[in-house]
Amino acid sequence: MRRLSIRFLMALVVILTVVGGTGCRLLGPQKPLSVRQEIWARVAKVPGAQVSISMRDFERGRAFDLYADTVYHAASMMKVPVLFALFDAFAKGRLRPEQSIRLTNQFRSIADSSTYVLDPADDSDSTVYARVGQDVSLRWLAERMITHSSNLATNTLITLLEPAKITSLARELGARNTVVLRGVEDTPAFRKGMNNVTTASDLVMLFVALQSRRLGDSTATADMLRILEQQAFNTQIPAGLPPGTRVAHKTGSITATRHDAGLVYPPGKAPYAIAILTRNIANPAVADALTADCSRILWEWLAK
C-alpha cells in the first residue's frame with residue numbers, strides 16, 4: 001500500500017506541474033493547428049471582420065475555400081473581367097491593342113441616363129486626366145486601369161466593351177456570380193443598389209482561366225501577366241510573401257472593403273490563384289495586415 005501511495009503522489013505532482021495554473025495545457029506534444037484553424041484564429045483578432053478566401057494550386061492540385069461564394073461589392077476588382085474582355089476582343093480581331101480612342105470625361109448613368117464626370121481627386125490615378133481630349137491607345141488604357149486602378153481608363157473601356165458582354169465572358173470563364181453593370185462613380189446607379197459584384201471563387205476562376213491560356217495565345221497571356229505584375233499597390237497578398245516573389249494581381253477597395261486577387265509564382269513551382277476579400281473593417285491598414293497574414297498562412301501551407 002505504501003509503495004502504491006508514493007507512486008500515486010508522484011504522478012499527481014507531474015500532472016499538477018504540467019497543468020500549472022492554466023487549466024488547459026495537455027500532456028505530451030501539441031497537435032499543429034490546421035490551415036483553416038490558423039486563418040480563423042487570425043480573422044478572430046479583427047472583431048466584426050468578414051473574410052472570404054479562395055485558392056487553387058497548379059502545382060499539386062490543392063484548394064482552399066472559406067466563404068468563397070459570398071457576394072461582395074466588387075470595387076475595382078471588376079477591372080479584371082474588363083481587362084479580360086478587352087484582350088478577348090483583341091484575340092478575336094474586333095479591336096487592336098494599338099487602336100486609339102479619343103479620351104473624354106463624360107459618362108452616362110445606367111440608372112437614369114443622366115451624365116456624370118469623374119473627379120481626379122477621387123481617382124487613384126489622376127495622371128490620366130491630363131490626356132483628356134487626346135487620342136490614346138487601348139493597350140495604354142488597359143495598363144493604367146490595372147497598374148494604378150485608373151477610373152477614367154476603366155469607364156472608357158467599359159463604355160467601349162459594354163457591361164453585358166463583359167459579364168457574359170466572365171460567365172464563360174467560370175465566374176458564376178460576377179456582374180459588371182456599370183462604370184465607376186455612377187452615383188444614381190449606386191443609390192439604387194445597381195452595383196458591380198463578385199466573389200472570391202469567381203476571381204480565382206478568372207485567374208485560373210488566364211493561367212490556362214483561355215484568353216488568347218501565349219503572347220496575349222504574357223502581355224496580361226506583364227500588366228498585372230506591374231501592380232502599384234502591394235500591401236495585401238504580396239506583403240505576406242517572401243520579398244521578390246512574383247505576383248500578378250489586382251486590388252480593389254471602397255469604404256470598409258478591401259480586396260486582392262491574382263496569381264502567385266513560388267520559385268521553381270507552378271503558380272497558384274488566390275483571392276482574399278474583406279469587408280466591415282474600417283481601417284485600411286488593419287484590413288491589409290489581415291489579408292497579408294492570410295496570404296502568408298496559405299503560402300506556408302502550400303510549401304509543406
# chains A, B, ... in the order shown; residues from 1 in each chain; ligands from 1
call {"tool": "select_by_dssp", "arguments": {"residues": "segment 196-267 of chain A", "states": "strand (DSSP E or B)", "output": "PDB file with N, CA, C and O atoms, in the first residue's frame"}}
result
ATOM      1  N   VAL A 197     -20.638  43.298 -58.721  1.00  0.00           N
ATOM      2  CA  VAL A 197     -20.404  42.350 -57.625  1.00  0.00           C
ATOM      3  C   VAL A 197     -19.512  41.208 -58.084  1.00  0.00           C
ATOM      4  O   VAL A 197     -19.390  40.923 -59.280  1.00  0.00           O
ATOM      5  N   THR A 198     -18.896  40.541 -57.106  1.00  0.00           N
ATOM      6  CA  THR A 198     -18.060  39.379 -57.400  1.00  0.00           C
ATOM      7  C   THR A 198     -17.917  38.526 -56.150  1.00  0.00           C
ATOM      8  O   THR A 198     -18.430  38.874 -55.083  1.00  0.00           O
ATOM      9  N   ARG A 246       7.179  36.628 -57.320  1.00  0.00           N
ATOM     10  CA  ARG A 246       6.432  37.112 -58.484  1.00  0.00           C
ATOM     11  C   ARG A 246       4.940  37.005 -58.217  1.00  0.00           C
ATOM     12  O   ARG A 246       4.435  35.932 -57.872  1.00  0.00           O
ATOM     13  N   VAL A 247       4.225  38.118 -58.385  1.00  0.00           N
ATOM     14  CA  VAL A 247       2.778  38.154 -58.184  1.00  0.00           C
ATOM     15  C   VAL A 247       2.144  38.972 -59.304  1.00  0.00           C
ATOM     16  O   VAL A 247       2.580  40.091 -59.588  1.00  0.00           O
ATOM     17  N   ALA A 248       1.131  38.428 -59.942  1.00  0.00           N
ATOM     18  CA  ALA A 248       0.345  39.138 -60.955  1.00  0.00           C
ATOM     19  C   ALA A 248      -1.057  39.302 -60.386  1.00  0.00           C
ATOM     20  O   ALA A 248      -1.794  38.324 -60.281  1.00  0.00           O
ATOM     21  N   HIS A 249      -1.417  40.537 -60.007  1.00  0.00           N
ATOM     22  CA  HIS A 249      -2.651  40.674 -59.235  1.00  0.00           C
ATOM     23  C   HIS A 249      -3.316  42.028 -59.425  1.00  0.00           C
ATOM     24  O   HIS A 249      -2.770  42.947 -60.043  1.00  0.00           O
ATOM     25  N   LYS A 250      -4.533  42.130 -58.855  1.00  0.00           N
ATOM     26  CA  LYS A 250      -5.301  43.389 -58.878  1.00  0.00           C
ATOM     27  C   LYS A 250      -5.951  43.574 -57.529  1.00  0.00           C
ATOM     28  O   LYS A 250      -6.468  42.616 -56.938  1.00  0.00           O
ATOM     29  N   THR A 251      -5.938  44.806 -57.046  1.00  0.00           N
ATOM     30  CA  THR A 251      -6.580  45.147 -55.784  1.00  0.00           C
ATOM     31  C   THR A 251      -7.839  45.970 -56.034  1.00  0.00           C
ATOM     32  O   THR A 251      -8.054  46.494 -57.131  1.00  0.00           O
ATOM     33  N   GLY A 252      -8.657  46.092 -54.993  1.00  0.00           N
ATOM     34  CA  GLY A 252      -9.853  46.923 -55.083  1.00  0.00           C
ATOM     35  C   GLY A 252     -10.282  47.349 -53.700  1.00  0.00           C
ATOM     36  O   GLY A 252     -10.089  46.606 -52.730  1.00  0.00           O
ATOM     37  N   SER A 253     -10.881  48.539 -53.594  1.00  0.00           N
ATOM     38  CA  SER A 253     -11.331  48.994 -52.286  1.00  0.00           C
ATOM     39  C   SER A 253     -12.433  50.034 -52.398  1.00  0.00           C
ATOM     40  O   SER A 253     -12.477  50.808 -53.359  1.00  0.00           O
ATOM     41  N   ILE A 254     -13.330  50.003 -51.432  1.00  0.00           N
ATOM     42  CA  ILE A 254     -14.287  51.068 -51.167  1.00  0.00           C
ATOM     43  C   ILE A 254     -14.342  51.179 -49.644  1.00  0.00           C
ATOM     44  O   ILE A 254     -13.572  50.520 -48.953  1.00  0.00           O
ATOM     45  N   THR A 257     -13.999  48.140 -47.153  1.00  0.00           N
ATOM     46  CA  THR A 257     -13.913  46.947 -48.005  1.00  0.00           C
ATOM     47  C   THR A 257     -12.577  46.952 -48.732  1.00  0.00           C
ATOM     48  O   THR A 257     -12.222  47.947 -49.376  1.00  0.00           O
ATOM     49  N   ARG A 258     -11.840  45.844 -48.649  1.00  0.00           N
ATOM     50  CA  ARG A 258     -10.531  45.734 -49.303  1.00  0.00           C
ATOM     51  C   ARG A 258     -10.414  44.348 -49.925  1.00  0.00           C
ATOM     52  O   ARG A 258     -10.691  43.334 -49.280  1.00  0.00           O
ATOM     53  N   HIS A 259      -9.995  44.303 -51.185  1.00  0.00           N
ATOM     54  CA  HIS A 259      -9.866  43.030 -51.901  1.00  0.00           C
ATOM     55  C   HIS A 259      -8.497  42.927 -52.572  1.00  0.00           C
ATOM     56  O   HIS A 259      -7.866  43.937 -52.899  1.00  0.00           O
ATOM     57  N   ASP A 260      -8.088  41.689 -52.840  1.00  0.00           N
ATOM     58  CA  ASP A 260      -6.899  41.434 -53.644  1.00  0.00           C
ATOM     59  C   ASP A 260      -7.033  40.037 -54.237  1.00  0.00           C
ATOM     60  O   ASP A 260      -7.510  39.107 -53.572  1.00  0.00           O
ATOM     61  N   ALA A 261      -6.613  39.889 -55.483  1.00  0.00           N
ATOM     62  CA  ALA A 261      -6.685  38.577 -56.144  1.00  0.00           C
ATOM     63  C   ALA A 261      -5.677  38.524 -57.269  1.00  0.00           C
ATOM     64  O   ALA A 261      -5.358  39.548 -57.891  1.00  0.00           O
ATOM     65  N   GLY A 262      -5.180  37.305 -57.541  1.00  0.00           N
ATOM     66  CA  GLY A 262      -4.243  37.174 -58.638  1.00  0.00           C
ATOM     67  C   GLY A 262      -3.553  35.824 -58.655  1.00  0.00           C
ATOM     68  O   GLY A 262      -4.065  34.833 -58.130  1.00  0.00           O
ATOM     69  N   LEU A 263      -2.374  35.803 -59.260  1.00  0.00           N
ATOM     70  CA  LEU A 263      -1.558  34.597 -59.391  1.00  0.00           C
ATOM     71  C   LEU A 263      -0.236  34.799 -58.669  1.00  0.00           C
ATOM     72  O   LEU A 263       0.414  35.833 -58.827  1.00  0.00           O
ATOM     73  N   VAL A 264       0.148  33.799 -57.856  1.00  0.00           N
ATOM     74  CA  VAL A 264       1.415  33.827 -57.127  1.00  0.00           C
ATOM     75  C   VAL A 264       2.307  32.737 -57.698  1.00  0.00           C
ATOM     76  O   VAL A 264       1.859  31.595 -57.886  1.00  0.00           O
ATOM     77  N   TYR A 265       3.586  33.080 -57.940  1.00  0.00           N
ATOM     78  CA  TYR A 265       4.513  32.152 -58.579  1.00  0.00           C
ATOM     79  C   TYR A 265       5.670  31.801 -57.620  1.00  0.00           C
ATOM     80  O   TYR A 265       6.688  32.485 -57.598  1.00  0.00           O
TER      81      TYR A 265
END
call {"tool": "closest_atom_pairs", "arguments": {"of": "segment 218-248 of chain A", "to": "segment 131-143 of chain A", "cutoff": "10 Å", "atoms": "only C-alpha atoms", "output": "CSV"}}
result
residue,atom,partner,partner_atom,distance
A:Asp223,CA,A:Arg139,CA,9.8
A:Met224,CA,A:Glu143,CA,8.9
A:Arg226,CA,A:Glu143,CA,9.3
A:Ile227,CA,A:Glu143,CA,5.8
A:Leu228,CA,A:Glu143,CA,8.3
A:Gln230,CA,A:Glu143,CA,8.6
A:Gln231,CA,A:Glu143,CA,9.3
call {"tool": "closest_atom_pairs", "arguments": {"of": "segment 188-275 of chain A", "to": "segment 40-57 of chain A", "cutoff": "6 Å", "atoms": "only C-alpha atoms", "output": "CSV"}}
result
residue,atom,partner,partner_atom,distance
A:Ala200,CA,A:Ser54,CA,5.4
A:Ser201,CA,A:Ser54,CA,5.4
A:Tyr272,CA,A:Asp57,CA,4.2
A:Ala273,CA,A:Arg56,CA,5.2
A:Ile274,CA,A:Met55,CA,4.4
A:Ala275,CA,A:Ser54,CA,5.3
call {"tool": "residues_around", "arguments": {"residues": "Leu118 of chain A", "least_positions_apart": "6", "cutoff": "7 Å", "atoms": "only C-alpha atoms", "output": "list in words"}}
result
Asn105, Leu152 and Glu185 of chain A
call {"tool": "atom_distance", "arguments": {"atom1": "atom CA of Phe90 of chain A", "atom2": "atom CA of Gly174 of chain A"}}
result
20.4 Å
call {"tool": "select_by_dssp", "arguments": {"residues": "segment 73-285 of chain A", "states": "alpha helix (DSSP H)", "output": "NGL selection string"}}
result
:A and (79-91 or 138-147 or 151-161 or 163-172 or 187-191 or 200-211 or 218-229 or 284-285)
call {"tool": "write_last_selection", "arguments": {"atoms": "C-alpha atoms", "output": "PDB file, in the first residue's frame"}}
result
ATOM      1  CA  LYS A  79     -11.456  45.767 -63.671  1.00  0.00           C
ATOM      2  CA  VAL A  80     -10.150  42.199 -64.009  1.00  0.00           C
ATOM      3  CA  PRO A  81     -13.040  40.999 -66.226  1.00  0.00           C
ATOM      4  CA  VAL A  82     -12.806  44.313 -68.128  1.00  0.00           C
ATOM      5  CA  LEU A  83      -9.139  43.564 -68.879  1.00  0.00           C
ATOM      6  CA  PHE A  84     -10.002  40.034 -69.969  1.00  0.00           C
ATOM      7  CA  ALA A  85     -12.863  41.229 -72.191  1.00  0.00           C
ATOM      8  CA  LEU A  86     -10.533  43.709 -73.876  1.00  0.00           C
ATOM      9  CA  PHE A  87      -7.919  41.060 -74.645  1.00  0.00           C
ATOM     10  CA  ASP A  88     -10.662  38.693 -75.786  1.00  0.00           C
ATOM     11  CA  ALA A  89     -11.679  41.379 -78.291  1.00  0.00           C
ATOM     12  CA  PHE A  90      -8.026  41.629 -79.378  1.00  0.00           C
ATOM     13  CA  ALA A  91      -7.821  37.853 -79.832  1.00  0.00           C
ATOM     14  CA  LEU A 138      -6.422  50.769 -75.852  1.00  0.00           C
ATOM     15  CA  ARG A 139      -3.321  48.973 -74.551  1.00  0.00           C
ATOM     16  CA  TRP A 140      -2.302  52.097 -72.613  1.00  0.00           C
ATOM     17  CA  LEU A 141      -5.775  52.401 -71.078  1.00  0.00           C
ATOM     18  CA  ALA A 142      -5.613  48.747 -70.010  1.00  0.00           C
ATOM     19  CA  GLU A 143      -2.279  49.306 -68.314  1.00  0.00           C
ATOM     20  CA  ARG A 144      -3.443  52.385 -66.380  1.00  0.00           C
ATOM     21  CA  MET A 145      -6.679  50.634 -65.391  1.00  0.00           C
ATOM     22  CA  ILE A 146      -4.786  47.757 -63.762  1.00  0.00           C
ATOM     23  CA  THR A 147      -1.454  49.103 -62.545  1.00  0.00           C
ATOM     24  CA  ASN A 151     -11.241  55.004 -63.003  1.00  0.00           C
ATOM     25  CA  LEU A 152     -11.187  57.181 -66.099  1.00  0.00           C
ATOM     26  CA  ALA A 153      -9.450  54.468 -68.127  1.00  0.00           C
ATOM     27  CA  THR A 154     -11.884  51.899 -66.745  1.00  0.00           C
ATOM     28  CA  ASN A 155     -15.050  53.814 -67.637  1.00  0.00           C
ATOM     29  CA  THR A 156     -13.706  54.468 -71.129  1.00  0.00           C
ATOM     30  CA  LEU A 157     -13.111  50.750 -71.700  1.00  0.00           C
ATOM     31  CA  ILE A 158     -16.421  49.659 -70.147  1.00  0.00           C
ATOM     32  CA  THR A 159     -18.296  52.032 -72.457  1.00  0.00           C
ATOM     33  CA  LEU A 160     -16.433  50.589 -75.439  1.00  0.00           C
ATOM     34  CA  LEU A 161     -16.808  46.924 -74.472  1.00  0.00           C
ATOM     35  CA  PRO A 163     -21.078  45.703 -69.480  1.00  0.00           C
ATOM     36  CA  ALA A 164     -23.351  42.863 -70.621  1.00  0.00           C
ATOM     37  CA  LYS A 165     -20.624  41.454 -72.877  1.00  0.00           C
ATOM     38  CA  ILE A 166     -18.020  41.739 -70.126  1.00  0.00           C
ATOM     39  CA  THR A 167     -20.301  39.824 -67.756  1.00  0.00           C
ATOM     40  CA  SER A 168     -21.028  37.217 -70.409  1.00  0.00           C
ATOM     41  CA  LEU A 169     -17.327  36.497 -70.892  1.00  0.00           C
ATOM     42  CA  ALA A 170     -16.851  36.205 -67.132  1.00  0.00           C
ATOM     43  CA  ARG A 171     -19.603  33.559 -67.099  1.00  0.00           C
ATOM     44  CA  GLU A 172     -17.878  31.649 -69.899  1.00  0.00           C
ATOM     45  CA  THR A 187     -23.891  57.789 -58.215  1.00  0.00           C
ATOM     46  CA  PRO A 188     -27.542  57.494 -59.384  1.00  0.00           C
ATOM     47  CA  ALA A 189     -26.993  53.773 -60.006  1.00  0.00           C
ATOM     48  CA  PHE A 190     -25.221  53.325 -56.686  1.00  0.00           C
ATOM     49  CA  ARG A 191     -28.137  54.910 -54.842  1.00  0.00           C
ATOM     50  CA  ALA A 200     -13.558  35.076 -54.132  1.00  0.00           C
ATOM     51  CA  SER A 201     -14.358  31.888 -56.026  1.00  0.00           C
ATOM     52  CA  ASP A 202     -15.185  33.808 -59.212  1.00  0.00           C
ATOM     53  CA  LEU A 203     -11.973  35.799 -59.127  1.00  0.00           C
ATOM     54  CA  VAL A 204      -9.921  32.636 -58.702  1.00  0.00           C
ATOM     55  CA  MET A 205     -11.723  31.064 -61.662  1.00  0.00           C
ATOM     56  CA  LEU A 206     -10.839  34.105 -63.782  1.00  0.00           C
ATOM     57  CA  PHE A 207      -7.163  33.851 -62.872  1.00  0.00           C
ATOM     58  CA  VAL A 208      -7.197  30.094 -63.429  1.00  0.00           C
ATOM     59  CA  ALA A 209      -8.533  30.832 -66.925  1.00  0.00           C
ATOM     60  CA  LEU A 210      -5.732  33.327 -67.505  1.00  0.00           C
ATOM     61  CA  GLN A 211      -3.010  30.915 -66.387  1.00  0.00           C
ATOM     62  CA  SER A 218       0.660  32.727 -75.214  1.00  0.00           C
ATOM     63  CA  THR A 219       1.638  36.223 -76.359  1.00  0.00           C
ATOM     64  CA  ALA A 220      -1.648  37.720 -75.145  1.00  0.00           C
ATOM     65  CA  THR A 221      -1.400  35.808 -71.866  1.00  0.00           C
ATOM     66  CA  ALA A 222       2.132  37.054 -71.303  1.00  0.00           C
ATOM     67  CA  ASP A 223       1.063  40.637 -72.003  1.00  0.00           C
ATOM     68  CA  MET A 224      -1.805  40.492 -69.488  1.00  0.00           C
ATOM     69  CA  LEU A 225       0.515  38.984 -66.899  1.00  0.00           C
ATOM     70  CA  ARG A 226       3.041  41.754 -67.501  1.00  0.00           C
ATOM     71  CA  ILE A 227       0.355  44.351 -66.829  1.00  0.00           C
ATOM     72  CA  LEU A 228      -0.845  42.596 -63.672  1.00  0.00           C
ATOM     73  CA  GLU A 229       2.724  42.173 -62.393  1.00  0.00           C
ATOM     74  CA  PRO A 284      -7.444  50.006 -44.356  1.00  0.00           C
ATOM     75  CA  ALA A 285      -4.142  49.208 -42.623  1.00  0.00           C
TER      76      ALA A 285
END
call {"tool": "residues_around", "arguments": {"residues": "Asp125 of chain A", "least_positions_apart": "2", "cutoff": "9 Å", "atoms": "only C-alpha atoms", "output": "MDAnalysis selection string"}}
result
chainID A and resid 120:123 127:129 144:145 148:152
call {"tool": "closest_residue", "arguments": {"among": "A:Ser212, A:Thr199, A:Ser34, A:Ser126", "to": "Leu173 of chain A", "atoms": "only C-alpha atoms"}}
result
A:Ser212
call {"tool": "residues_around", "arguments": {"residues": "Glu59 of chain A", "least_positions_apart": "3", "cutoff": "7 Å", "atoms": "only C-alpha atoms", "output": "list in words"}}
result
Lys269, Ala270 and Pro271 of chain A
call {"tool": "closest_residue", "arguments": {"among": "A:Thr115, A:Arg60, A:Ser124, A:Thr291", "to": "Ala232 of chain A", "atoms": "only C-alpha atoms"}}
result
A:Ser124
call {"tool": "decode", "arguments": {"residues": "segment 51-154 of chain A", "atoms": "C-alpha atoms", "output": "mmCIF file, in the first residue's frame"}}
result
data_model
loop_
_atom_site.group_PDB
_atom_site.id
_atom_site.type_symbol
_atom_site.label_atom_id
_atom_site.label_comp_id
_atom_site.auth_asym_id
_atom_site.auth_seq_id
_atom_site.Cartn_x
_atom_site.Cartn_y
_atom_site.Cartn_z
ATOM 1 C CA VAL A 51 -13.353 37.481 -44.918
ATOM 2 C CA SER A 52 -13.741 35.261 -47.968
ATOM 3 C CA ILE A 53 -10.870 33.296 -49.463
ATOM 4 C CA SER A 54 -10.418 31.024 -52.445
ATOM 5 C CA MET A 55 -7.210 29.370 -53.638
ATOM 6 C CA ARG A 56 -6.312 26.858 -56.370
ATOM 7 C CA ASP A 57 -2.821 25.414 -56.647
ATOM 8 C CA PHE A 58 -1.493 24.356 -60.050
ATOM 9 C CA GLU A 59 1.480 22.508 -58.512
ATOM 10 C CA ARG A 60 -0.307 19.742 -56.575
ATOM 11 C CA GLY A 61 -3.970 20.457 -57.189
ATOM 12 C CA ARG A 62 -4.680 21.634 -53.658
ATOM 13 C CA ALA A 63 -7.546 24.004 -52.931
ATOM 14 C CA PHE A 64 -8.772 26.153 -50.065
ATOM 15 C CA ASP A 65 -12.128 27.910 -49.712
ATOM 16 C CA LEU A 66 -13.587 29.997 -46.913
ATOM 17 C CA TYR A 67 -16.989 31.537 -47.672
ATOM 18 C CA ALA A 68 -15.729 31.616 -51.249
ATOM 19 C CA ASP A 69 -19.181 32.129 -52.811
ATOM 20 C CA THR A 70 -20.203 35.052 -50.606
ATOM 21 C CA VAL A 71 -21.083 38.018 -52.822
ATOM 22 C CA TYR A 72 -19.218 41.306 -52.281
ATOM 23 C CA HIS A 73 -19.280 44.740 -53.827
ATOM 24 C CA ALA A 74 -16.615 44.276 -56.479
ATOM 25 C CA ALA A 75 -14.995 47.718 -56.120
ATOM 26 C CA SER A 76 -12.049 47.788 -58.537
ATOM 27 C CA MET A 77 -11.935 44.005 -58.846
ATOM 28 C CA MET A 78 -14.399 44.381 -61.700
ATOM 29 C CA LYS A 79 -11.456 45.767 -63.671
ATOM 30 C CA VAL A 80 -10.150 42.199 -64.009
ATOM 31 C CA PRO A 81 -13.040 40.999 -66.226
ATOM 32 C CA VAL A 82 -12.806 44.313 -68.128
ATOM 33 C CA LEU A 83 -9.139 43.564 -68.879
ATOM 34 C CA PHE A 84 -10.002 40.034 -69.969
ATOM 35 C CA ALA A 85 -12.863 41.229 -72.191
ATOM 36 C CA LEU A 86 -10.533 43.709 -73.876
ATOM 37 C CA PHE A 87 -7.919 41.060 -74.645
ATOM 38 C CA ASP A 88 -10.662 38.693 -75.786
ATOM 39 C CA ALA A 89 -11.679 41.379 -78.291
ATOM 40 C CA PHE A 90 -8.026 41.629 -79.378
ATOM 41 C CA ALA A 91 -7.821 37.853 -79.832
ATOM 42 C CA LYS A 92 -10.988 37.793 -81.938
ATOM 43 C CA GLY A 93 -9.905 40.720 -84.101
ATOM 44 C CA ARG A 94 -12.676 43.085 -83.055
ATOM 45 C CA LEU A 95 -10.148 45.527 -81.592
ATOM 46 C CA ARG A 96 -6.380 46.050 -81.749
ATOM 47 C CA PRO A 97 -4.025 46.921 -78.869
ATOM 48 C CA GLU A 98 -2.561 49.872 -80.747
ATOM 49 C CA GLN A 99 -6.007 51.149 -81.766
ATOM 50 C CA SER A 100 -6.625 54.657 -80.451
ATOM 51 C CA ILE A 101 -9.692 56.266 -78.917
ATOM 52 C CA ARG A 102 -10.437 59.882 -78.017
ATOM 53 C CA LEU A 103 -10.343 60.200 -74.222
ATOM 54 C CA THR A 104 -13.273 62.092 -72.692
ATOM 55 C CA ASN A 105 -14.540 62.569 -69.157
ATOM 56 C CA GLN A 106 -18.276 62.319 -69.566
ATOM 57 C CA PHE A 107 -20.352 59.205 -68.993
ATOM 58 C CA ARG A 108 -23.999 58.216 -68.857
ATOM 59 C CA SER A 109 -25.649 56.714 -65.780
ATOM 60 C CA ILE A 110 -27.324 53.344 -66.233
ATOM 61 C CA ALA A 111 -29.951 54.417 -63.691
ATOM 62 C CA ASP A 112 -31.476 57.462 -65.372
ATOM 63 C CA SER A 113 -29.287 58.264 -68.405
ATOM 64 C CA SER A 114 -28.024 61.431 -66.727
ATOM 65 C CA THR A 115 -24.438 62.407 -67.480
ATOM 66 C CA TYR A 116 -21.676 62.488 -64.909
ATOM 67 C CA VAL A 117 -17.943 63.199 -64.810
ATOM 68 C CA LEU A 118 -15.148 61.727 -62.720
ATOM 69 C CA ASP A 119 -13.220 63.784 -60.187
ATOM 70 C CA PRO A 120 -9.429 63.369 -60.424
ATOM 71 C CA ALA A 121 -9.244 63.851 -56.664
ATOM 72 C CA ASP A 122 -11.285 60.674 -56.164
ATOM 73 C CA ASP A 123 -9.222 58.644 -58.633
ATOM 74 C CA SER A 124 -6.119 56.698 -57.606
ATOM 75 C CA ASP A 125 -4.558 57.672 -60.962
ATOM 76 C CA SER A 126 -5.072 61.378 -61.576
ATOM 77 C CA THR A 127 -2.409 61.451 -64.311
ATOM 78 C CA VAL A 128 -4.773 60.030 -66.938
ATOM 79 C CA TYR A 129 -6.887 63.205 -66.835
ATOM 80 C CA ALA A 130 -4.038 65.115 -68.453
ATOM 81 C CA ARG A 131 -4.783 63.146 -71.628
ATOM 82 C CA VAL A 132 -8.463 64.142 -71.872
ATOM 83 C CA GLY A 133 -9.176 65.377 -75.396
ATOM 84 C CA GLN A 134 -6.282 63.358 -76.826
ATOM 85 C CA ASP A 135 -6.181 60.050 -78.662
ATOM 86 C CA VAL A 136 -4.827 57.211 -76.507
ATOM 87 C CA SER A 137 -4.254 53.521 -77.263
ATOM 88 C CA LEU A 138 -6.422 50.769 -75.852
ATOM 89 C CA ARG A 139 -3.321 48.973 -74.551
ATOM 90 C CA TRP A 140 -2.302 52.097 -72.613
ATOM 91 C CA LEU A 141 -5.775 52.401 -71.078
ATOM 92 C CA ALA A 142 -5.613 48.747 -70.010
ATOM 93 C CA GLU A 143 -2.279 49.306 -68.314
ATOM 94 C CA ARG A 144 -3.443 52.385 -66.380
ATOM 95 C CA MET A 145 -6.679 50.634 -65.391
ATOM 96 C CA ILE A 146 -4.786 47.757 -63.762
ATOM 97 C CA THR A 147 -1.454 49.103 -62.545
ATOM 98 C CA HIS A 148 -2.816 52.303 -60.957
ATOM 99 C CA SER A 149 -6.534 51.458 -60.974
ATOM 100 C CA SER A 150 -7.491 54.432 -63.143
ATOM 101 C CA ASN A 151 -11.241 55.004 -63.003
ATOM 102 C CA LEU A 152 -11.187 57.181 -66.099
ATOM 103 C CA ALA A 153 -9.450 54.468 -68.127
ATOM 104 C CA THR A 154 -11.884 51.899 -66.745
#
